[in-house]
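Printed here is entry10.tsv (TSV, C-alpha atoms):
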chain	number	residue	atom	x	y	z
M	18	ILE	CA	96.86	77.53	131.13
M	19	VAL	CA	98.99	80.67	130.84
M	20	SER	CA	102.22	78.74	130.27
M	21	ASP	CA	100.65	76.79	127.40
M	22	THR	CA	99.11	79.76	125.53
M	23	ASN	CA	101.04	81.15	122.59
M	24	LEU	CA	98.07	82.56	120.67
M	25	LEU	CA	95.19	84.19	122.53
M	26	LEU	CA	91.99	84.94	120.60
M	27	GLY	CA	89.70	87.50	122.23
M	28	ASP	CA	86.37	87.47	120.39
M	29	GLU	CA	84.40	90.73	120.39
M	30	ILE	CA	86.53	92.35	123.08
M	31	ASN	CA	84.36	95.47	123.04
M	32	ARG	CA	81.69	93.34	124.74
M	33	THR	CA	83.98	92.49	127.65
M	34	SER	CA	84.11	94.44	130.91
M	35	SER	CA	86.65	97.18	131.52
M	36	LYS	CA	88.33	94.88	134.09
M	37	THR	CA	88.86	92.21	131.43
M	38	GLN	CA	90.20	94.82	129.01
M	39	SER	CA	92.62	95.99	131.70
M	40	ALA	CA	93.88	92.43	132.14
M	41	LEU	CA	94.38	92.19	128.39
M	42	LEU	CA	96.34	95.44	128.47
M	43	GLU	CA	98.68	93.93	131.09
M	44	THR	CA	99.41	90.91	128.91
M	45	MET	CA	100.18	93.13	125.90
M	46	GLU	CA	102.47	95.55	127.74
M	47	GLU	CA	104.01	93.72	130.72
M	48	LYS	CA	103.90	90.24	129.15
M	49	GLN	CA	102.34	88.82	132.31
M	50	VAL	CA	99.00	88.17	133.99
M	51	THR	CA	98.17	88.83	137.63
M	52	VAL	CA	95.80	86.58	139.56
M	53	ASP	CA	95.14	87.17	143.28
M	54	GLY	CA	98.23	89.36	143.52
M	55	ILE	CA	100.54	86.78	141.93
M	56	CYS	CA	102.20	87.60	138.59
M	57	TYR	CA	102.60	84.85	136.00
M	58	PRO	CA	104.97	85.47	133.07
M	59	LEU	CA	103.68	84.73	129.59
M	60	PRO	CA	105.42	82.28	127.25
M	61	ASP	CA	107.49	83.28	124.26
M	62	PRO	CA	106.07	83.74	121.70
M	63	PHE	CA	102.78	85.24	122.87
M	64	CYS	CA	100.35	86.89	120.47
M	65	VAL	CA	96.89	88.43	120.92
M	66	ILE	CA	94.31	88.44	118.14
M	67	ALA	CA	91.11	90.30	118.99
M	68	THR	CA	87.89	90.99	117.11
M	69	GLN	CA	85.33	93.77	117.39
M	70	ASN	CA	81.82	93.71	115.95
M	71	GLN	CA	80.88	97.20	114.80
M	72	VAL	CA	77.19	96.26	114.41
M	73	GLY	CA	74.97	96.36	117.47
M	74	THR	CA	77.32	98.21	119.80
M	75	ALA	CA	74.72	98.96	122.49
M	76	GLY	CA	76.09	98.06	125.91
M	77	THR	CA	79.65	97.56	124.69
M	78	GLN	CA	82.83	98.97	126.25
M	79	PRO	CA	84.92	100.91	123.70
M	80	LEU	CA	88.64	100.19	124.00
M	81	PRO	CA	90.69	103.17	125.24
M	82	ASN	CA	93.15	104.66	122.80
M	83	ALA	CA	96.08	103.50	124.93
M	84	GLN	CA	94.98	99.91	124.41
M	85	MET	CA	94.24	100.33	120.70
M	86	ASP	CA	97.76	101.72	120.33
M	87	ARG	CA	99.19	98.41	121.57
M	88	PHE	CA	97.69	96.40	118.71
M	89	LEU	CA	100.22	96.13	115.91
M	90	VAL	CA	97.70	96.16	113.06
M	91	GLN	CA	93.96	96.39	112.53
M	92	LEU	CA	92.31	94.69	109.58
M	93	THR	CA	88.72	95.00	108.41
M	94	ILE	CA	87.46	91.73	106.97
M	95	GLY	CA	84.12	92.82	105.52
M	96	TYR	CA	81.93	90.52	103.44
M	97	PRO	CA	83.45	87.83	101.17
M	98	ASP	CA	83.28	88.35	97.42
M	99	TYR	CA	81.15	86.10	95.20
M	100	GLU	CA	83.74	83.36	94.62
M	101	SER	CA	84.78	83.28	98.27
M	102	GLN	CA	81.15	83.02	99.39
M	103	MET	CA	80.53	80.16	96.94
M	104	THR	CA	83.63	78.33	98.18
M	105	LEU	CA	82.68	78.90	101.81
M	106	ILE	CA	79.27	77.29	101.33
M	107	ARG	CA	80.42	74.53	98.97
M	108	ASP	CA	83.24	73.34	101.25
M	109	ARG	CA	80.88	72.94	104.19
M	110	GLN	CA	78.33	70.66	102.57
M	111	LEU	CA	79.76	67.42	103.97
M	112	GLU	CA	82.41	68.42	106.49
M	113	ASN	CA	83.94	71.32	108.39
M	114	PRO	CA	87.18	72.48	106.69
M	115	MET	CA	88.43	73.78	110.04
M	116	GLU	CA	88.91	70.17	111.12
M	117	GLN	CA	91.52	69.77	108.37
M	118	VAL	CA	93.74	72.62	109.61
M	119	GLN	CA	97.33	71.49	110.19
M	120	GLN	CA	100.18	73.04	112.11
M	121	ALA	CA	102.46	75.16	109.91
M	122	ALA	CA	105.16	76.00	112.48
M	123	ASP	CA	105.95	75.41	116.13
M	124	ALA	CA	106.79	78.01	118.77
M	125	ALA	CA	110.54	77.62	118.33
M	126	ALA	CA	110.30	78.20	114.58
M	127	LEU	CA	108.21	81.32	115.12
M	128	VAL	CA	110.69	82.74	117.63
M	129	SER	CA	113.50	82.05	115.14
M	130	MET	CA	111.63	83.93	112.40
M	131	GLN	CA	111.01	86.85	114.76
M	132	GLN	CA	114.74	87.06	115.43
M	133	GLU	CA	115.46	87.01	111.69
M	134	VAL	CA	112.98	89.83	111.15
M	135	ARG	CA	114.74	91.96	113.78
M	136	ARG	CA	117.99	91.59	111.82
M	137	VAL	CA	116.45	93.00	108.61
M	138	ALA	CA	118.42	96.16	107.80
M	139	MET	CA	116.74	99.57	107.94
M	140	ASP	CA	118.62	102.52	106.45
M	141	ASP	CA	118.53	105.90	108.21
M	142	LYS	CA	116.64	107.25	105.19
M	143	ILE	CA	113.82	104.80	105.97
M	144	ILE	CA	113.83	105.81	109.63
M	145	ASP	CA	113.68	109.45	108.55
M	146	TYR	CA	110.74	108.63	106.25
M	147	ILE	CA	108.80	106.93	109.06
M	148	THR	CA	109.55	109.84	111.41
M	149	ARG	CA	108.31	112.39	108.88
M	150	LEU	CA	105.11	110.38	108.30
M	151	ALA	CA	104.44	110.26	112.03
M	152	MET	CA	105.10	113.97	112.50
M	153	ALA	CA	102.89	114.83	109.53
M	154	SER	CA	100.01	112.97	111.20
M	155	ARG	CA	100.48	114.93	114.43
M	156	ALA	CA	100.20	118.23	112.56
M	157	HIS	CA	97.35	117.22	110.23
M	158	PRO	CA	94.36	119.62	110.40
M	159	LEU	CA	91.81	116.78	110.46
M	160	LEU	CA	93.37	114.81	113.31
M	161	ARG	CA	92.99	115.31	117.04
M	162	LEU	CA	95.54	112.57	117.74
M	163	GLY	CA	98.25	111.44	115.36
M	164	ILE	CA	100.67	108.54	115.30
M	165	SER	CA	102.34	107.96	118.67
M	166	PRO	CA	106.01	106.98	119.16
M	167	ARG	CA	104.74	103.43	119.79
M	168	GLY	CA	102.93	103.60	116.46
M	169	ALA	CA	106.09	104.73	114.66
M	170	LEU	CA	107.97	101.78	116.18
M	171	ALA	CA	105.16	99.49	115.00
M	172	VAL	CA	105.60	100.81	111.45
M	173	CYS	CA	109.31	99.92	111.67
M	174	ARG	CA	108.56	96.40	112.89
M	175	MET	CA	105.91	95.74	110.27
M	176	ALA	CA	108.03	97.15	107.45
M	177	LYS	CA	110.81	94.75	108.43
M	178	ALA	CA	108.35	91.85	108.52
M	179	TYR	CA	106.95	92.85	105.12
M	180	ALA	CA	110.44	92.93	103.61
M	181	TYR	CA	111.25	89.57	105.22
M	182	LEU	CA	108.13	87.95	103.78
M	183	ASN	CA	109.13	89.29	100.37
M	184	GLY	CA	112.52	87.58	100.61
M	185	ARG	CA	114.65	90.64	101.36
M	186	ASP	CA	117.02	91.41	104.24
M	187	PHE	CA	116.57	95.17	103.92
M	188	VAL	CA	113.60	97.55	104.02
M	189	MET	CA	112.53	99.62	101.03
M	190	PRO	CA	110.37	102.78	101.17
M	191	GLU	CA	107.61	100.87	99.36
M	192	ASP	CA	107.47	98.43	102.28
M	193	VAL	CA	106.62	101.29	104.63
M	194	ALA	CA	103.93	102.63	102.30
M	195	ALA	CA	102.39	99.18	101.89
M	196	ILE	CA	101.85	98.53	105.61
M	197	PHE	CA	101.28	102.12	106.75
M	198	PRO	CA	97.43	102.19	106.60
M	199	ASP	CA	96.89	98.87	108.41
M	200	VAL	CA	99.39	99.76	111.14
M	201	CYS	CA	98.20	103.31	111.78
M	202	ALA	CA	94.48	103.70	110.99
M	203	HIS	CA	93.29	102.46	114.40
M	204	ARG	CA	95.70	104.78	116.23
M	205	LEU	CA	94.28	108.03	114.84
M	206	MET	CA	91.55	110.18	116.34
M	207	LEU	CA	89.63	112.40	113.93
M	208	ASN	CA	88.58	115.87	115.04
M	209	SER	CA	85.07	117.28	114.77
M	210	LYS	CA	85.76	118.85	111.37
M	211	ALA	CA	86.82	115.49	109.93
M	212	ARG	CA	83.72	113.80	111.33
M	213	MET	CA	81.49	116.48	109.82
M	214	MET	CA	83.19	115.89	106.47
M	215	GLU	CA	82.71	112.12	106.98
M	216	GLU	CA	86.40	111.53	106.52
M	217	LYS	CA	87.97	108.16	107.36
M	218	PRO	CA	91.37	107.56	108.96
M	219	GLU	CA	92.41	105.61	105.86
M	220	SER	CA	91.80	108.61	103.59
M	221	VAL	CA	93.83	110.87	105.89
M	222	LEU	CA	96.71	108.38	105.87
M	223	ALA	CA	96.54	108.15	102.08
M	224	GLU	CA	96.88	111.94	101.90
M	225	ILE	CA	99.84	111.87	104.30
M	226	LEU	CA	101.56	109.24	102.17
M	227	LYS	CA	100.91	111.28	99.03
M	228	THR	CA	102.26	114.54	100.45
M	229	THR	CA	105.32	113.09	102.23
M	230	ASP	CA	108.35	112.68	99.98
M	231	MET	CA	109.48	109.06	99.66
M	232	PRO	CA	113.27	108.62	99.90
M	233	VAL	CA	115.35	107.08	97.15
M	234	LEU	CA	117.85	104.47	98.29

Will you turn the file into structure tokens for me?
Amino acid sequence: IVSDTNLLLGDEINRTSSKTQSALLETMEEKQVTVDGICYPLPDPFCVIATQNQVGTAGTQPLPNAQMDRFLVQLTIGYPDYESQMTLIRDRQLENPMEQVQQAADAAALVSMQQEVRRVAMDDKIIDYITRLAMASRAHPLLRLGISPRGALAVCRMAKAYAYLNGRDFVMPEDVAAIFPDVCAHRLMLNSKARMMEEKPESVLAEILKTTDMPVL
């Protein structure tokens, strides 16, 4: 099963045991799974998509920060808007649209795209910008834990991917700003003052972006 899995979906991982979460951490960091003392390497590519339900959290196991830090991005779906809700209901009157899903790319094509993304150029001014954003988060008065070195590397990777998807072979400062909240919000830990003020990580990141000078290429 391991050798055939390129995309692993973990549904509501905060309801899993700490042992299961530890196994997931191994796959994300060491790119392997261990069963009965035997290590099995994971295929390439291998990607983890996980969900958390924030409603009804009684009896759940919160993910440690070290594990949250290994997720590249965190997105909040929320409720669909009016048109999306109408379409969702209308399309399911006679059939399940999920049965019509077709393959868009195979594993080899995805690996090739990943290699192309790595070759996207990043000027030292962009690296400096990302470094200053990370350091600003570590010194922010409302944060107990800022962006880690792993988080800064994730910003670099996502900025390259964002530029690639927009048809460019180089990263612009606007690429960094566009992906910054989704890459970093789940990595931050607010302090007691921020919680009393009912601040959100996204608002702190918006302030950091606003107060950190963007380079001109």

Hey, could you make a per-residue contact list for segment 58-109 of chain M against segment 171-182 of chain M with 12 Å as the cut-off, showing the nearest pair of atoms and its distance in Å to one decimal, counting all atoms listed in the file, sorted by chain and number, as JSON lines?
{"residue": "M:Asp86", "atom": "CA", "partner": "M:Ala171", "partner_atom": "CA", "distance": 9.4}
{"residue": "M:Arg87", "atom": "CA", "partner": "M:Ala171", "partner_atom": "CA", "distance": 8.9}
{"residue": "M:Phe88", "atom": "CA", "partner": "M:Ala171", "partner_atom": "CA", "distance": 8.9}
{"residue": "M:Leu89", "atom": "CA", "partner": "M:Ala171", "partner_atom": "CA", "distance": 6.0}
{"residue": "M:Val90", "atom": "CA", "partner": "M:Ala171", "partner_atom": "CA", "distance": 8.4}
{"residue": "M:Gln91", "atom": "CA", "partner": "M:Ala171", "partner_atom": "CA", "distance": 11.9}

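Comparing the minimum interatomic distances between Ser209 of chain M and each of M:Val52, M:Ala195, M:Leu162, M:Val134, counting all atoms listed in the file, we find that M:Leu162 sits nearest.
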
### Top pick for closest residue to Val128 of chain M, considering M:Gln38, M:Asn23, M:Ser101, M:Thr68 and counting all atoms listed in the file
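Result for the nearest residue to Val128 of chain M: M:Asn23.
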
### Task
Give as a PyMOL selection string every residue, naming chains and numbers as the document does, that has an atom within 6 Å of (94.9, 107.9, 111.2), counting all atoms listed in the file.
chain M and resi 201-202+204-205+218+222

### Task
Just the residues within 7 Å of Pro58 of chain M, please, counting all atoms listed in the file, with nothing from its chain fewer than 5 positions along; format it as a list of chain:residue names.
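Listed by chain and then number, they are M:Lys48, M:Gln49, M:Val50.
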
As lines of an AutoDock Vina configuration file, what would the box around segment 82-93 of chain M look like: edges along x, y and z, 8 Å added on every side, centre and edge lengths in Å to one decimal?
center_x = 94.5
center_y = 99.7
center_z = 116.7
size_x = 27.5
size_y = 26.0
size_z = 32.5

### Message
I'd like to know which of M:Ala211, M:Ala156, M:Val72, M:Met45 is closest to Gly95 of chain M, using all atoms listed in the file.
### Response
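Going through M:Ala211, M:Ala156, M:Val72, M:Met45 one by one, the smallest distance to Gly95 of chain M is for M:Val72.
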
### Message
I'd like to know which of M:Glu216, M:Gly27, M:Ser34, M:Val188 is closest to Asp141 of chain M, using all atoms listed in the file.
### Response
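For Asp141 of chain M, the nearest of the given residues is M:Val188.
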
### Task
For atom CA of Thr77 of chain M and atom CA of Pro198 of chain M, determine how far apart the two atoms are, in Å to one decimal place.
25.8 Å

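Between atom CA of Asp186 of chain M and atom CA of Val137 of chain M the interatomic distance comes to 4.7 Å.
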
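Here the question is which of M:Cys64, M:Leu42, M:Ile106, M:Ile143 gets nearest to Pro81 of chain M using only C-alpha atoms, and that residue is M:Leu42.
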
### Query
In Å, how far is it from atom CA of Pro60 of chain M to atom CA of Gln84 of chain M?
20.7 Å

### Message
Need to verify the contact set: Asp28 of chain M, 7 Å, all atoms listed in the file, exclusion of same-chain residues closer than 2 positions in sequence. Can you return it as a list in words?
### Response
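After dropping sequence-adjacent residues, the list is Leu26, Ile30, Ala67 and Thr68 of chain M.
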
### Message
List as a ChimeraX atom specification the protein and nucleic acid residues near Arg161 of chain M, meaning an atom at most 7 Å away when all atoms listed in the file are counted, but skip any in the same chain fewer than 3 places from it.
### Response
/M:206-208

### Query
When distances are computed from all atoms listed in the file, which of M:Ile94, M:Asp123, M:His157, M:Glu47 shows the smallest separation from Gln69 of chain M?
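Closest to Gln69 of chain M of all the choices is M:Ile94.
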
### Message
List as an MDAnalysis selection string the protein and nucleic acid residues near Asp21 of chain M, meaning an atom at most 10 Å away when only C-alpha atoms are counted, but skip any in the same chain fewer than 6 places from it.
### Response
chainID M and resid 59:61 63

Write the residues of the selection above to a file with C-alpha atoms, as an mmCIF file, in the coordinates of the input.
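File part-v7.cif, as written:
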data_model
loop_
_atom_site.group_PDB
_atom_site.id
_atom_site.type_symbol
_atom_site.label_atom_id
_atom_site.label_comp_id
_atom_site.auth_asym_id
_atom_site.auth_seq_id
_atom_site.Cartn_x
_atom_site.Cartn_y
_atom_site.Cartn_z
ATOM 1 C CA LEU M 59 103.680 84.730 129.590
ATOM 2 C CA PRO M 60 105.420 82.280 127.250
ATOM 3 C CA ASP M 61 107.490 83.280 124.260
ATOM 4 C CA PHE M 63 102.780 85.240 122.870
#

Starting from the incomplete input, reconstruct N, CA and C atoms of segment 44-70 of chain M and write that as a PDB file, keeping the file's coordinate frame.
ATOM      1  N   THR M  44      98.720  91.956 129.680  1.00  0.00           N
ATOM      2  CA  THR M  44      99.410  90.910 128.910  1.00  0.00           C
ATOM      3  C   THR M  44     100.145  91.501 127.720  1.00  0.00           C
ATOM      4  N   MET M  45      99.576  92.554 127.105  1.00  0.00           N
ATOM      5  CA  MET M  45     100.180  93.130 125.900  1.00  0.00           C
ATOM      6  C   MET M  45     101.370  94.017 126.220  1.00  0.00           C
ATOM      7  N   GLU M  46     101.395  94.613 127.404  1.00  0.00           N
ATOM      8  CA  GLU M  46     102.470  95.550 127.740  1.00  0.00           C
ATOM      9  C   GLU M  46     103.511  94.921 128.656  1.00  0.00           C
ATOM     10  N   GLU M  47     103.068  94.283 129.746  1.00  0.00           N
ATOM     11  CA  GLU M  47     104.010  93.720 130.720  1.00  0.00           C
ATOM     12  C   GLU M  47     104.350  92.252 130.445  1.00  0.00           C
ATOM     13  N   LYS M  48     103.658  91.649 129.483  1.00  0.00           N
ATOM     14  CA  LYS M  48     103.900  90.240 129.150  1.00  0.00           C
ATOM     15  C   LYS M  48     103.709  89.338 130.377  1.00  0.00           C
ATOM     16  N   GLN M  49     102.656  89.623 131.134  1.00  0.00           N
ATOM     17  CA  GLN M  49     102.340  88.820 132.310  1.00  0.00           C
ATOM     18  C   GLN M  49     100.861  88.957 132.622  1.00  0.00           C
ATOM     19  N   VAL M  50     100.357  88.054 133.463  1.00  0.00           N
ATOM     20  CA  VAL M  50      99.000  88.170 133.990  1.00  0.00           C
ATOM     21  C   VAL M  50      99.097  88.095 135.508  1.00  0.00           C
ATOM     22  N   THR M  51      98.173  88.795 136.165  1.00  0.00           N
ATOM     23  CA  THR M  51      98.170  88.830 137.630  1.00  0.00           C
ATOM     24  C   THR M  51      96.866  88.254 138.148  1.00  0.00           C
ATOM     25  N   VAL M  52      96.968  87.223 138.972  1.00  0.00           N
ATOM     26  CA  VAL M  52      95.800  86.580 139.560  1.00  0.00           C
ATOM     27  C   VAL M  52      95.999  86.532 141.074  1.00  0.00           C
ATOM     28  N   ASP M  53      95.069  87.142 141.812  1.00  0.00           N
ATOM     29  CA  ASP M  53      95.140  87.170 143.280  1.00  0.00           C
ATOM     30  C   ASP M  53      96.491  87.698 143.762  1.00  0.00           C
ATOM     31  N   GLY M  54      96.988  88.723 143.090  1.00  0.00           N
ATOM     32  CA  GLY M  54      98.230  89.360 143.520  1.00  0.00           C
ATOM     33  C   GLY M  54      99.489  88.642 143.103  1.00  0.00           C
ATOM     34  N   ILE M  55      99.363  87.539 142.382  1.00  0.00           N
ATOM     35  CA  ILE M  55     100.540  86.780 141.930  1.00  0.00           C
ATOM     36  C   ILE M  55     100.708  86.985 140.431  1.00  0.00           C
ATOM     37  N   CYS M  56     101.918  87.352 140.006  1.00  0.00           N
ATOM     38  CA  CYS M  56     102.200  87.600 138.590  1.00  0.00           C
ATOM     39  C   CYS M  56     102.737  86.326 137.933  1.00  0.00           C
ATOM     40  N   TYR M  57     102.181  86.026 136.775  1.00  0.00           N
ATOM     41  CA  TYR M  57     102.600  84.850 136.000  1.00  0.00           C
ATOM     42  C   TYR M  57     103.145  85.325 134.658  1.00  0.00           C
ATOM     43  N   PRO M  58     104.415  85.038 134.362  1.00  0.00           N
ATOM     44  CA  PRO M  58     104.970  85.470 133.070  1.00  0.00           C
ATOM     45  C   PRO M  58     104.346  84.686 131.919  1.00  0.00           C
ATOM     46  N   LEU M  59     104.239  85.352 130.780  1.00  0.00           N
ATOM     47  CA  LEU M  59     103.680  84.730 129.590  1.00  0.00           C
ATOM     48  C   LEU M  59     104.771  84.019 128.799  1.00  0.00           C
ATOM     49  N   PRO M  60     104.408  83.009 128.031  1.00  0.00           N
ATOM     50  CA  PRO M  60     105.420  82.280 127.250  1.00  0.00           C
ATOM     51  C   PRO M  60     105.900  83.110 126.070  1.00  0.00           C
ATOM     52  N   ASP M  61     106.950  82.660 125.457  1.00  0.00           N
ATOM     53  CA  ASP M  61     107.490  83.280 124.260  1.00  0.00           C
ATOM     54  C   ASP M  61     107.487  82.250 123.140  1.00  0.00           C
ATOM     55  N   PRO M  62     106.764  82.505 122.044  1.00  0.00           N
ATOM     56  CA  PRO M  62     106.070  83.740 121.700  1.00  0.00           C
ATOM     57  C   PRO M  62     104.672  83.813 122.333  1.00  0.00           C
ATOM     58  N   PHE M  63     104.149  85.035 122.417  1.00  0.00           N
ATOM     59  CA  PHE M  63     102.780  85.240 122.870  1.00  0.00           C
ATOM     60  C   PHE M  63     102.153  86.312 121.978  1.00  0.00           C
ATOM     61  N   CYS M  64     100.998  85.997 121.418  1.00  0.00           N
ATOM     62  CA  CYS M  64     100.350  86.890 120.470  1.00  0.00           C
ATOM     63  C   CYS M  64      98.864  86.988 120.791  1.00  0.00           C
ATOM     64  N   VAL M  65      98.316  88.195 120.695  1.00  0.00           N
ATOM     65  CA  VAL M  65      96.890  88.430 120.920  1.00  0.00           C
ATOM     66  C   VAL M  65      96.227  88.793 119.605  1.00  0.00           C
ATOM     67  N   ILE M  66      95.171  88.076 119.269  1.00  0.00           N
ATOM     68  CA  ILE M  66      94.310  88.440 118.140  1.00  0.00           C
ATOM     69  C   ILE M  66      92.931  88.728 118.705  1.00  0.00           C
ATOM     70  N   ALA M  67      92.404  89.905 118.431  1.00  0.00           N
ATOM     71  CA  ALA M  67      91.110  90.300 118.990  1.00  0.00           C
ATOM     72  C   ALA M  67      90.183  90.747 117.877  1.00  0.00           C
ATOM     73  N   THR M  68      88.896  90.542 118.083  1.00  0.00           N
ATOM     74  CA  THR M  68      87.890  90.990 117.110  1.00  0.00           C
ATOM     75  C   THR M  68      86.952  91.984 117.779  1.00  0.00           C
ATOM     76  N   GLN M  69      86.379  92.852 116.951  1.00  0.00           N
ATOM     77  CA  GLN M  69      85.330  93.770 117.390  1.00  0.00           C
ATOM     78  C   GLN M  69      84.210  93.729 116.359  1.00  0.00           C
ATOM     79  N   ASN M  70      82.980  93.655 116.828  1.00  0.00           N
ATOM     80  CA  ASN M  70      81.820  93.710 115.950  1.00  0.00           C
ATOM     81  C   ASN M  70      81.273  95.131 115.987  1.00  0.00           C
TER      82      ASN M  70
END
